[in-house]
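What follows is the content of structure_13.txt, which has compact mmCIF, C-alpha atoms:
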```txt
# COMPACT_ATOMS: atom_id res chain seq x y z
CA MET A 1 80.11 112.78 102.20
CA ALA A 2 79.94 109.35 103.86
CA ALA A 3 79.30 107.78 100.46
CA LEU A 4 82.31 109.59 99.02
CA LEU A 5 84.52 108.38 101.86
CA PHE A 6 83.23 104.84 101.33
CA VAL A 7 84.06 104.93 97.61
CA VAL A 8 87.55 106.38 98.28
CA THR A 9 88.27 103.72 100.94
CA LEU A 10 87.05 100.96 98.66
CA THR A 11 89.20 102.24 95.78
CA LEU A 12 92.32 102.49 97.93
CA SER A 13 91.77 99.11 99.54
CA ASN A 14 91.58 97.24 96.23
CA GLY A 15 95.14 98.16 95.48
CA THR A 16 94.58 100.51 92.57
CA PHE A 17 97.23 102.86 93.92
CA ALA A 18 99.31 100.16 95.58
CA LYS A 19 100.65 98.42 92.48
CA GLY A 20 103.38 99.87 90.32
CA VAL A 21 107.12 100.38 90.18
CA TYR A 22 108.42 101.48 93.56
CA GLN A 23 112.13 101.55 92.73
CA THR A 24 114.19 100.79 89.63
CA GLY A 25 117.01 98.25 89.63
CA PRO A 26 119.83 100.83 89.34
CA GLU A 27 118.28 102.86 92.21
CA PHE A 28 118.12 99.73 94.35
CA ILE A 29 121.74 98.79 93.59
CA ALA A 30 122.89 102.37 94.31
CA GLU A 31 120.99 102.30 97.60
CA VAL A 32 122.61 99.00 98.59
CA PHE A 33 126.20 99.76 97.62
CA GLY A 34 126.29 103.54 97.92
CA ASN A 35 128.98 105.36 95.97
CA ASP A 36 130.95 102.20 95.22
CA THR A 37 128.35 100.64 92.96
CA PRO A 38 130.00 97.53 91.50
CA LYS A 39 129.67 96.43 87.90
CA ALA A 40 127.13 93.71 87.22
CA LYS A 41 128.45 90.14 87.07
CA SER A 42 126.85 86.94 85.82
CA LEU A 43 126.57 83.53 87.39
CA LEU A 44 126.80 80.83 84.76
CA LEU A 45 123.87 78.47 85.14
CA THR A 46 125.25 74.99 84.67
CA PRO A 47 122.74 72.17 84.07
CA GLN A 48 123.12 71.16 87.72
CA LEU A 49 122.47 74.71 88.96
CA LYS A 50 119.48 75.01 86.67
CA GLU A 51 118.05 71.75 87.92
CA THR A 52 118.32 72.82 91.55
CA ALA A 53 116.99 76.30 90.71
CA SER A 54 114.00 74.71 88.95
CA GLN A 55 113.39 72.58 92.03
CA ILE A 56 113.41 75.69 94.26
CA MET A 57 111.16 77.70 91.95
CA ASN A 58 108.88 74.74 91.22
CA ARG A 59 109.04 75.57 87.52
CA GLN A 60 111.58 75.33 84.76
CA VAL A 61 114.25 78.00 85.16
CA ARG A 62 115.37 79.25 81.75
CA GLY A 63 118.50 81.11 80.72
CA LEU A 64 122.20 80.43 80.76
CA ARG A 65 123.21 83.09 83.24
CA MET A 66 121.93 85.07 86.20
CA ARG A 67 122.84 88.67 86.83
CA TYR A 68 124.09 89.87 90.21
CA TRP A 69 126.12 92.64 91.80
CA GLN A 70 128.89 91.96 94.32
CA SER A 71 131.02 93.99 96.68
CA ASP A 72 133.17 92.08 99.17
CA SER A 73 130.91 89.41 100.65
CA ASN A 74 127.69 91.23 99.74
CA THR A 75 125.70 90.19 96.72
CA ALA A 76 122.55 91.80 95.35
CA TRP A 77 120.06 90.11 93.07
CA ILE A 78 117.11 91.40 91.11
CA MET A 79 114.71 88.63 90.17
CA GLU A 80 111.19 88.31 88.88
CA GLU A 81 108.64 85.73 89.87
CA ILE A 82 104.97 85.47 89.04
CA GLY A 83 102.60 85.78 91.99
CA LYS A 84 99.30 84.88 90.37
CA GLU A 85 99.53 86.07 86.79
CA LEU A 86 102.06 88.89 86.60
CA PRO A 87 105.71 89.09 87.68
CA ILE A 88 106.79 90.68 90.93
CA THR A 89 110.26 92.28 90.74
CA ILE A 90 112.19 91.59 93.92
CA GLY A 91 115.59 92.86 95.09
CA VAL A 92 117.53 90.67 97.52
CA VAL A 93 120.76 91.54 99.34
CA ILE A 94 122.81 88.74 100.95
CA ARG A 95 125.88 88.79 103.15
CA GLU A 96 127.66 85.67 104.38
CA ASN A 97 124.79 83.38 103.37
CA GLN A 98 122.19 85.43 105.24
CA ILE A 99 119.59 87.77 103.84
CA VAL A 100 120.31 91.38 104.74
CA GLN A 101 117.42 92.94 102.87
CA ILE A 102 114.50 92.09 100.63
CA LYS A 103 112.67 94.80 98.77
CA ILE A 104 109.75 94.64 96.36
CA LEU A 105 110.77 96.84 93.44
CA ALA A 106 107.65 96.41 91.33
CA PHE A 107 104.26 94.82 91.87
CA ARG A 108 101.89 94.55 88.93
CA GLU A 109 98.85 92.65 90.16
CA SER A 110 95.86 94.14 91.91
CA ARG A 111 96.03 91.82 94.93
CA GLY A 112 98.80 90.80 97.26
CA TRP A 113 100.76 94.05 97.15
CA GLU A 114 100.97 94.01 100.96
CA VAL A 115 104.21 92.03 100.58
CA ARG A 116 105.93 95.33 99.82
CA TYR A 117 105.51 96.56 103.39
CA PRO A 118 108.70 96.57 105.50
CA ALA A 119 106.68 94.93 108.28
CA PHE A 120 106.54 91.86 106.05
CA THR A 121 109.95 92.01 104.34
CA LYS A 122 111.91 92.51 107.56
CA GLN A 123 110.99 88.93 108.51
CA TYR A 124 113.62 87.80 106.01
CA GLN A 125 116.53 89.53 107.74
CA GLY A 126 119.08 86.96 108.88
CA VAL A 127 117.31 84.07 107.13
CA LYS A 128 119.55 81.33 105.68
CA ILE A 129 119.01 78.38 103.38
CA THR A 130 118.88 74.85 104.77
CA THR A 131 120.44 71.77 103.19
CA GLU A 132 116.91 70.83 102.05
CA LEU A 133 116.85 74.07 100.01
CA ALA A 134 114.30 75.79 102.22
CA LEU A 135 114.37 78.93 104.34
CA ASP A 136 115.54 78.22 107.90
CA LYS A 137 112.87 80.44 109.45
CA HIS A 138 109.09 80.43 109.15
CA ILE A 139 107.77 83.47 107.30
CA ASP A 140 104.36 84.62 108.47
CA GLY A 141 101.96 84.88 105.54
CA ILE A 142 99.50 87.61 104.71
CA THR A 143 95.80 86.89 104.26
CA GLY A 144 94.86 87.47 100.64
CA ALA A 145 98.49 87.55 99.51
CA THR A 146 99.34 83.85 99.69
CA LEU A 147 100.69 83.60 96.14
CA SER A 148 102.75 86.79 96.47
CA VAL A 149 104.27 85.55 99.74
CA ARG A 150 105.05 82.23 98.07
CA ALA A 151 106.78 84.07 95.19
CA VAL A 152 108.90 86.15 97.60
CA ASN A 153 109.86 83.00 99.53
CA LYS A 154 110.96 81.27 96.35
CA VAL A 155 113.04 84.22 95.19
CA ALA A 156 114.65 84.55 98.64
CA THR A 157 115.58 80.85 98.59
CA LEU A 158 116.95 81.01 95.06
CA ALA A 159 119.05 84.11 95.80
CA LEU A 160 120.47 82.38 98.90
CA TYR A 161 121.28 79.28 96.87
CA PHE A 162 123.01 81.28 94.13
CA HIS A 163 124.95 83.30 96.72
CA GLN A 164 126.07 80.05 98.32
CA GLN A 165 127.34 78.80 94.95
CA ILE A 166 129.31 82.01 94.40
CA ALA A 167 130.81 81.79 97.90
CA LEU A 168 131.75 78.13 97.30
CA LYS A 169 133.35 78.96 93.97
CA ALA A 170 135.34 81.81 95.56
CA GLU A 171 136.52 79.46 98.33
CA GLN A 172 137.62 76.86 95.80
CA GLU A 173 139.46 79.47 93.76
CA SER A 174 141.25 80.93 96.78
CA SER A 175 142.33 77.46 97.99
CA THR A 176 143.70 76.68 94.51
CA LEU A 177 145.59 79.97 94.39
CA ALA A 178 146.90 79.82 97.97
CA PRO A 179 150.66 79.05 98.09
CA LYS A 180 151.35 75.51 99.23
CA THR A 181 153.38 75.26 102.43
CA PRO A 182 156.44 73.03 102.10
CA MET B 1 66.24 89.69 79.90
CA VAL B 2 66.11 89.35 83.70
CA LEU B 3 67.00 85.66 83.39
CA PHE B 4 69.88 86.54 81.07
CA LEU B 5 71.26 89.12 83.53
CA ALA B 6 70.85 86.71 86.44
CA GLY B 7 72.55 83.90 84.49
CA THR B 8 75.52 85.99 83.41
CA GLY B 9 75.78 87.44 86.93
CA LEU B 10 75.92 83.94 88.41
CA LEU B 11 78.61 82.91 85.95
CA LEU B 12 80.67 86.00 86.80
CA ASN B 13 80.29 85.30 90.49
CA HIS B 14 81.81 81.85 89.98
CA SER B 15 84.33 82.90 87.35
CA PRO B 16 87.45 81.99 89.40
CA ALA B 17 86.08 78.50 90.13
CA LEU B 18 85.09 77.99 86.51
CA ASP B 19 88.43 79.45 85.27
CA LEU B 20 86.56 81.67 82.83
CA ALA B 21 89.42 84.19 82.69
CA LYS B 22 91.70 81.53 81.25
CA LYS B 23 89.34 80.36 78.51
CA ASP B 24 90.22 82.37 75.42
CA LEU B 25 87.93 82.79 72.44
CA ARG B 26 89.55 83.47 69.08
CA SER B 27 86.80 83.47 66.48
CA ASN B 28 87.51 86.02 63.77
CA TRP B 29 84.24 87.92 64.11
CA LEU B 30 84.75 88.29 67.87
CA LEU B 31 88.34 89.52 67.47
CA ASP B 32 87.07 91.90 64.77
CA TRP B 33 84.33 93.14 67.09
CA TYR B 34 86.90 93.91 69.79
CA GLY B 35 89.30 95.43 67.25
CA LEU B 36 91.88 92.71 67.91
CA LYS B 37 92.14 91.15 64.49
CA ASN B 38 95.39 89.19 64.26
CA THR B 39 97.97 91.18 62.39
CA ALA B 40 100.68 89.59 60.30
CA PRO B 41 103.75 88.76 62.42
CA THR B 42 106.73 91.01 61.90
CA GLY B 43 110.33 89.97 62.25
CA ILE B 44 113.83 90.12 60.92
CA GLN B 45 116.03 87.56 59.20
CA LEU B 46 119.30 86.96 61.06
CA ASN B 47 121.81 84.43 59.85
CA GLY B 48 119.17 82.70 57.72
CA GLN B 49 116.68 82.40 60.59
CA TRP B 50 113.59 84.49 61.28
CA LEU B 51 113.30 86.16 64.65
CA SER B 52 109.71 87.32 64.91
CA HIS B 53 106.77 88.14 67.13
CA PRO B 54 103.22 87.21 66.18
CA GLY B 55 101.60 89.34 68.89
CA GLY B 56 101.24 86.99 71.87
CA GLN B 57 103.66 86.66 74.76
CA ASN B 58 106.43 84.79 72.94
CA LEU B 59 109.35 85.65 70.74
CA PHE B 60 109.91 83.09 67.98
CA LEU B 61 113.01 81.87 66.20
CA ASN B 62 111.51 80.46 63.02
CA ASP B 63 108.50 78.51 64.35
CA LYS B 64 109.92 77.85 67.83
CA PRO B 65 108.97 79.98 70.87
CA VAL B 66 112.25 81.01 72.49
CA ALA B 67 111.51 83.65 75.15
CA ASP B 68 108.84 85.70 76.86
CA CYS B 69 108.59 89.01 75.08
CA GLN B 70 105.95 91.70 75.54
CA PRO B 71 104.84 92.98 72.16
CA PRO B 72 105.69 94.84 70.10
CA LEU B 73 109.09 93.58 69.05
CA LEU B 74 111.02 96.83 68.65
CA GLY B 75 114.21 95.64 67.02
CA ALA B 76 116.55 92.70 66.56
CA ALA B 77 120.23 92.32 65.73
CA GLN B 78 123.04 89.82 65.77
CA LEU B 79 126.41 89.66 67.49
CA ALA B 80 129.06 87.07 66.59
CA THR B 81 127.52 84.35 68.78
CA MET B 82 124.36 85.94 69.99
CA LEU B 83 120.95 87.04 68.73
CA LEU B 84 119.39 90.09 70.36
CA ALA B 85 115.76 91.16 70.44
CA LEU B 86 114.45 94.36 71.99
CA CYS B 87 110.94 93.78 73.32
CA GLN B 88 108.62 96.23 75.04
CA ASP B 89 109.68 94.85 78.43
CA GLY B 90 113.35 94.09 77.93
CA LEU B 91 116.30 92.92 75.89
CA VAL B 92 116.36 89.20 75.08
CA MET B 93 119.73 87.52 74.45
CA LEU B 94 119.76 84.17 72.66
CA THR B 95 122.39 81.77 71.42
CA ALA B 96 122.58 81.33 67.65
CA ASP B 97 120.30 78.29 67.91
CA GLY B 98 117.71 80.08 70.00
CA GLU B 99 118.55 79.07 73.57
CA LEU B 100 117.79 81.84 76.04
CA ILE B 101 120.93 83.30 77.59
CA GLU B 102 119.31 86.06 79.58
CA LYS B 103 116.62 88.67 79.51
CA LEU B 104 117.40 92.13 80.81
CA SER B 105 114.27 93.90 81.93
CA ARG B 106 113.87 97.65 81.83
CA LEU B 107 113.90 97.62 85.62
CA GLN B 108 117.41 96.13 85.55
CA GLY B 109 118.81 99.22 83.92
CA LEU B 110 117.79 99.11 80.28
CA PRO B 111 116.94 102.72 79.24
CA GLU B 112 113.23 103.31 79.74
CA ASP B 113 112.91 105.16 76.43
CA ALA B 114 114.91 102.71 74.28
CA ASP B 115 112.82 101.72 71.30
CA ARG B 116 115.43 100.73 68.71
CA LEU B 117 118.43 98.45 68.46
CA GLN B 118 121.46 97.95 66.24
CA VAL B 119 124.88 96.36 66.36
CA ALA B 120 127.65 98.56 64.96
CA GLU B 121 131.31 97.49 64.93
CA GLY B 122 130.60 94.87 67.59
CA ASN B 123 128.88 97.37 69.90
CA VAL B 124 125.27 97.02 70.93
CA LEU B 125 123.46 100.33 70.47
CA LEU B 126 120.10 101.17 71.98
CA GLY B 127 118.29 104.27 70.92
CA SER B 128 115.37 106.52 71.60
CA PRO B 129 114.11 109.39 69.44
CA TRP B 130 116.41 111.66 71.46
CA GLN B 131 119.42 109.64 72.52
CA THR B 132 121.71 106.77 71.62
CA TYR B 133 123.45 104.53 74.16
CA THR B 134 126.03 101.78 73.99
CA ILE B 135 125.35 98.94 76.39
CA ASP B 136 128.03 96.57 77.64
CA LEU B 137 126.19 93.27 77.93
CA ASP B 138 128.69 91.91 80.47
CA THR B 139 128.60 94.75 82.97
CA LEU B 140 125.33 96.43 81.94
CA GLU B 141 127.15 99.76 81.73
CA LEU B 142 125.41 102.33 79.58
CA THR B 143 127.42 104.95 77.75
CA GLY B 144 125.94 107.94 75.93
CA GLN B 145 126.78 108.00 72.22
CA THR B 146 126.62 110.41 69.34
CA PHE B 147 123.01 110.46 68.27
CA GLN B 148 122.44 107.91 65.49
CA GLU B 149 119.66 108.44 63.03
CA GLU B 150 120.37 105.50 60.79
CA GLY B 151 121.38 101.87 60.91
CA TRP B 152 118.59 100.71 63.23
CA SER B 153 117.14 97.29 62.62
CA ILE B 154 113.91 97.40 60.66
CA LEU B 155 111.29 94.71 61.01
CA GLY B 156 109.30 93.47 58.09
CA PRO B 157 106.64 90.87 57.33
CA VAL B 158 107.79 87.27 57.71
CA PRO B 159 107.41 84.80 54.79
CA SER B 160 103.79 83.75 54.28
CA ALA B 161 104.34 80.06 55.15
CA LEU B 162 105.89 81.03 58.50
CA SER B 163 103.22 83.66 59.05
CA ILE B 164 100.48 81.03 58.71
CA GLN B 165 102.30 78.73 61.15
CA LEU B 166 102.72 81.52 63.70
CA THR B 167 99.21 82.97 63.53
CA SER B 168 97.58 79.56 63.93
CA ARG B 169 99.18 79.04 67.32
CA GLU B 170 96.98 78.93 70.40
CA ASP B 171 99.09 81.26 72.54
CA LEU B 172 98.01 84.35 70.62
CA PRO B 173 95.83 86.83 72.48
CA GLY B 174 92.10 86.23 72.41
CA ILE B 175 89.07 87.43 74.33
CA SER B 176 88.59 85.65 77.62
CA LEU B 177 85.19 84.11 78.28
CA GLU B 178 85.04 86.18 81.48
CA THR B 179 85.49 89.43 79.53
CA LEU B 180 82.80 88.41 77.04
CA ILE B 181 80.29 87.49 79.77
CA LEU B 182 81.10 90.66 81.72
CA ASP B 183 80.58 92.79 78.62
CA LEU B 184 77.31 91.01 77.81
CA HIS B 185 76.14 91.39 81.42
CA SER B 186 76.87 95.11 81.47
CA GLY B 187 75.69 95.71 77.91
CA ARG B 188 79.15 97.05 77.02
CA PHE B 189 79.41 94.45 74.29
CA PHE B 190 76.92 96.53 72.24
CA GLY B 191 78.57 99.86 73.02
CA THR B 192 76.92 102.84 74.73
CA ALA B 193 73.46 101.81 73.51
CA GLY B 194 73.88 98.43 75.23
CA VAL B 195 74.99 100.02 78.51
CA LEU B 196 72.02 102.44 78.43
CA PHE B 197 69.66 99.54 77.69
CA VAL B 198 70.93 97.56 80.69
CA ASP B 199 70.65 100.75 82.80
CA LEU B 200 67.05 101.07 81.67
CA ILE B 201 66.32 97.45 82.59
CA GLY B 202 67.89 98.05 86.01
CA ILE B 203 65.81 101.17 86.61
CA LEU B 204 62.69 99.37 85.35
CA LEU B 205 63.29 96.52 87.81
CA CYS B 206 63.65 99.02 90.65
CA VAL B 207 60.45 100.79 89.59
CA LEU B 208 58.62 97.45 89.41
CA ALA B 209 59.88 96.49 92.86
CA ILE B 210 58.85 99.83 94.40
CA THR B 211 55.45 99.99 92.68
CA GLY B 212 54.88 96.34 93.60
CA LEU B 213 55.57 97.12 97.25
CA CYS B 214 53.28 100.16 97.11
CA ALA B 215 50.50 98.10 95.50
CA TRP B 216 50.91 95.37 98.09
CA ASN B 217 50.85 97.94 100.90
CA SER B 218 47.75 99.74 99.64
CA ARG B 219 45.90 96.42 99.17
CA ARG B 220 46.93 95.45 102.70
CA LYS B 221 45.44 98.71 104.02
CA LEU B 222 42.23 98.13 102.05
CA ASN B 223 41.97 94.67 103.60
CA GLY B 224 42.26 96.14 107.10
CA GLY B 225 45.95 95.48 107.60
CA ARG B 226 45.74 91.72 107.02
```

Spell out the structure here as structure tokens.
Amino acid sequence: MAALLFVVTLTLSNGTFAKGVYQTGPEFIAEVFGNDTPKAKSLLLTPQLKETASQIMNRQVRGLRMRYWQSDSNTAWIMEEIGKELPITIGVVIRENQIVQIKILAFRESRGWEVRYPAFTKQYQGVKITTELALDKHIDGITGATLSVRAVNKVATLALYFHQQIALKAEQESSTLAPKTP
Amino acid sequence: MVLFLAGTGLLLNHSPALDLAKKDLRSNWLLDWYGLKNTAPTGIQLNGQWLSHPGGQNLFLNDKPVADCQPPLLGAAQLATMLLALCQDGLVMLTADGELIEKLSRLQGLPEDADRLQVAEGNVLLGSPWQTYTIDLDTLELTGQTFQEEGWSILGPVPSALSIQLTSREDLPGISLETLILDLHSGRFFGTAGVLFVDLIGILLCVLAITGLCAWNSRRKLNGGR
């Protein structure tokens, strides 16, 4: 019996049942926005945006656009970043340049899945991006999940940066459209 | 045999430091042995260019890797200014000259069961054996459609010159050195017979250790406990 318990504990602890898809993108978006789920939009990745994004991700960011969902000042992003060898799918919700929620939607590797726990992800609530393109708050790591934590940090930073660009663009557009006072 | 098991065990123990998992072996007999013989790349000709997948992690436009794409390539089609490829893990959108626009993963809302693709009257259709959907690539909205049986893109073999170029690339799947050593260590490389043989060696070593201890103990008793 003790041997059986040992084997079960060992199996569970190596993450066999911990990896997988926890929530799909549409489910995440529906959870964030409720009944008023907005249509997906795209942020055009200009060469300058791509360069900064590549700097944040510490790798070349490919693609000409990035998908996001927006309602009022809330934006939601679904991004993938490789932890060690396989991509982690991460959902990020931002309001007024601050992270409201981070959720791990899918984790495919056998180690580092602890980043999915709310105890870890709630550290990101209220976090902003600094002018040096870093998070303004220290995120406590998890032993044995260093690369996964690093991936979540990078995605959080990138989502904040993209949100900031959308907010800036909206500000510019509204100032252009605003009637000029005589 | 014991030395061989000890040697392979030591190598496996230091596999991360030696990066054995990242060293791929691609000799034909080994790929044959593992049933992974390279198959001819399949693809489709769009606007005079070949969009194809030789079996690794990349989608190719002619001989240029253009996007990550989990095999198999399920379908490909062309819009006015865009090339589309449906991979196992998502829908890849490319410009006409092969620059990646975006990749929509299945987790982002692509139908889980979609395994075919076509463009009809400017609409992008995704299909499964049971259902057909129209997808709006701007808003990602999916609309159910009348079930389509025909018109789906069909992949075929790419021209032989391109096939040779694609299959000689180094990013095709191989057998990692770690897998090979692990399979040799466990005997799995030689099938069930190999595993049973290694089991036998293991049991034999245990028997030798136990009988050795017994022999040592009985000799100790004969010598008056010295």

_Residue hits in chain A, query chain B, radius 6 Å, all atoms listed in the file, as a list in words_ =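 Close enough to count are Thr24, Gly25, Pro26, Lys39, Ala40, Gly63 and Leu64 of chain A.
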
_Selected residue, from B:Ala120, B:Ala40, B:Leu204, B:Cys214, that lies nearest to B:Trp152 when counting only C-alpha atoms_ = B:Ala120

*Name all residues at most 8 Å from stretch 14-26 of chain B (count all atoms listed in the file; drop same-chain ones fewer than 4 positions away) and give them as a VMD selection string.*
chain B and resid 10 30 to 31 173 to 179

_Can you measure atom CA of B:Asn123 to atom CA of B:Ala85 for me? One decimal in Å is fine._
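Computing it gives 14.5 Å between the two atoms.
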
_Need the shell around stretch 46-56 of chain B: protein/DNA/RNA residues with any atom at most 12 Å away, counting all atoms listed in the file. Skip same-chain ones fewer than 6 positions apart. Format as an NGL selection string?_
:B and (36-40 or 62-88 or 92-98 or 153-159 or 161-174)

Axis-aligned box for all listed atoms of stretch 72-87 of chain B, 5 Å per side, centre and edges in Å to one decimal, as JSON:
```
{"center_x": 117.4, "center_y": 90.6, "center_z": 69.5, "size_x": 33.4, "size_y": 22.5, "size_z": 17.6}
```

Reconstruct N, CA and C atoms of stretch 104-126 of chain A from the incomplete input and present them as a JSON list (two decimals), in the coordinates of the input.
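The result, stored in selection.json:
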```json
[["chain", "number", "residue", "atom", "x", "y", "z"],
["A", 104, "ILE", "N", 110.59, 94.82, 97.55],
["A", 104, "ILE", "CA", 109.75, 94.64, 96.36],
["A", 104, "ILE", "C", 109.94, 95.89, 95.50],
["A", 105, "LEU", "N", 110.48, 95.69, 94.31],
["A", 105, "LEU", "CA", 110.77, 96.84, 93.44],
["A", 105, "LEU", "C", 109.58, 97.18, 92.54],
["A", 106, "ALA", "N", 108.84, 96.15, 92.15],
["A", 106, "ALA", "CA", 107.65, 96.41, 91.33],
["A", 106, "ALA", "C", 106.61, 95.33, 91.58],
["A", 107, "PHE", "N", 105.37, 95.76, 91.68],
["A", 107, "PHE", "CA", 104.26, 94.82, 91.87],
["A", 107, "PHE", "C", 103.19, 95.18, 90.87],
["A", 108, "ARG", "N", 102.76, 94.21, 90.07],
["A", 108, "ARG", "CA", 101.89, 94.55, 88.93],
["A", 108, "ARG", "C", 100.46, 94.04, 89.07],
["A", 109, "GLU", "N", 100.20, 93.20, 90.04],
["A", 109, "GLU", "CA", 98.85, 92.65, 90.16],
["A", 109, "GLU", "C", 98.02, 93.50, 91.11],
["A", 110, "SER", "N", 96.70, 93.29, 91.08],
["A", 110, "SER", "CA", 95.86, 94.14, 91.91],
["A", 110, "SER", "C", 95.69, 93.60, 93.33],
["A", 111, "ARG", "N", 96.13, 92.37, 93.57],
["A", 111, "ARG", "CA", 96.03, 91.82, 94.93],
["A", 111, "ARG", "C", 97.37, 91.29, 95.39],
["A", 112, "GLY", "N", 97.59, 91.38, 96.69],
["A", 112, "GLY", "CA", 98.80, 90.80, 97.26],
["A", 112, "GLY", "C", 99.94, 91.76, 97.42],
["A", 113, "TRP", "N", 99.69, 93.05, 97.11],
["A", 113, "TRP", "CA", 100.76, 94.05, 97.15],
["A", 113, "TRP", "C", 101.25, 94.32, 98.57],
["A", 114, "GLU", "N", 100.56, 93.78, 99.56],
["A", 114, "GLU", "CA", 100.97, 94.01, 100.96],
["A", 114, "GLU", "C", 102.38, 93.46, 101.24],
["A", 115, "VAL", "N", 102.87, 92.57, 100.37],
["A", 115, "VAL", "CA", 104.21, 92.03, 100.58],
["A", 115, "VAL", "C", 105.28, 93.11, 100.48],
["A", 116, "ARG", "N", 104.93, 94.27, 99.96],
["A", 116, "ARG", "CA", 105.93, 95.33, 99.82],
["A", 116, "ARG", "C", 106.23, 96.01, 101.15],
["A", 117, "TYR", "N", 105.35, 95.85, 102.12],
["A", 117, "TYR", "CA", 105.51, 96.56, 103.39],
["A", 117, "TYR", "C", 106.73, 96.06, 104.16],
["A", 118, "PRO", "N", 107.54, 96.98, 104.71],
["A", 118, "PRO", "CA", 108.70, 96.57, 105.50],
["A", 118, "PRO", "C", 108.33, 95.64, 106.65],
["A", 119, "ALA", "N", 107.12, 95.79, 107.19],
["A", 119, "ALA", "CA", 106.68, 94.93, 108.28],
["A", 119, "ALA", "C", 106.73, 93.46, 107.85],
["A", 120, "PHE", "N", 106.47, 93.23, 106.57],
["A", 120, "PHE", "CA", 106.54, 91.86, 106.05],
["A", 120, "PHE", "C", 107.98, 91.51, 105.66],
["A", 121, "THR", "N", 108.64, 92.37, 104.90],
["A", 121, "THR", "CA", 109.95, 92.01, 104.34],
["A", 121, "THR", "C", 111.04, 91.91, 105.41],
["A", 122, "LYS", "N", 110.85, 92.59, 106.54],
["A", 122, "LYS", "CA", 111.91, 92.51, 107.56],
["A", 122, "LYS", "C", 111.99, 91.13, 108.21],
["A", 123, "GLN", "N", 110.95, 90.31, 107.99],
["A", 123, "GLN", "CA", 110.99, 88.93, 108.51],
["A", 123, "GLN", "C", 112.14, 88.13, 107.90],
["A", 124, "TYR", "N", 112.58, 88.57, 106.72],
["A", 124, "TYR", "CA", 113.62, 87.80, 106.01],
["A", 124, "TYR", "C", 115.04, 88.11, 106.49],
["A", 125, "GLN", "N", 115.18, 89.16, 107.30],
["A", 125, "GLN", "CA", 116.53, 89.53, 107.74],
["A", 125, "GLN", "C", 117.16, 88.39, 108.55],
["A", 126, "GLY", "N", 118.36, 88.00, 108.15],
["A", 126, "GLY", "CA", 119.08, 86.96, 108.88],
["A", 126, "GLY", "C", 118.70, 85.55, 108.48]]
```
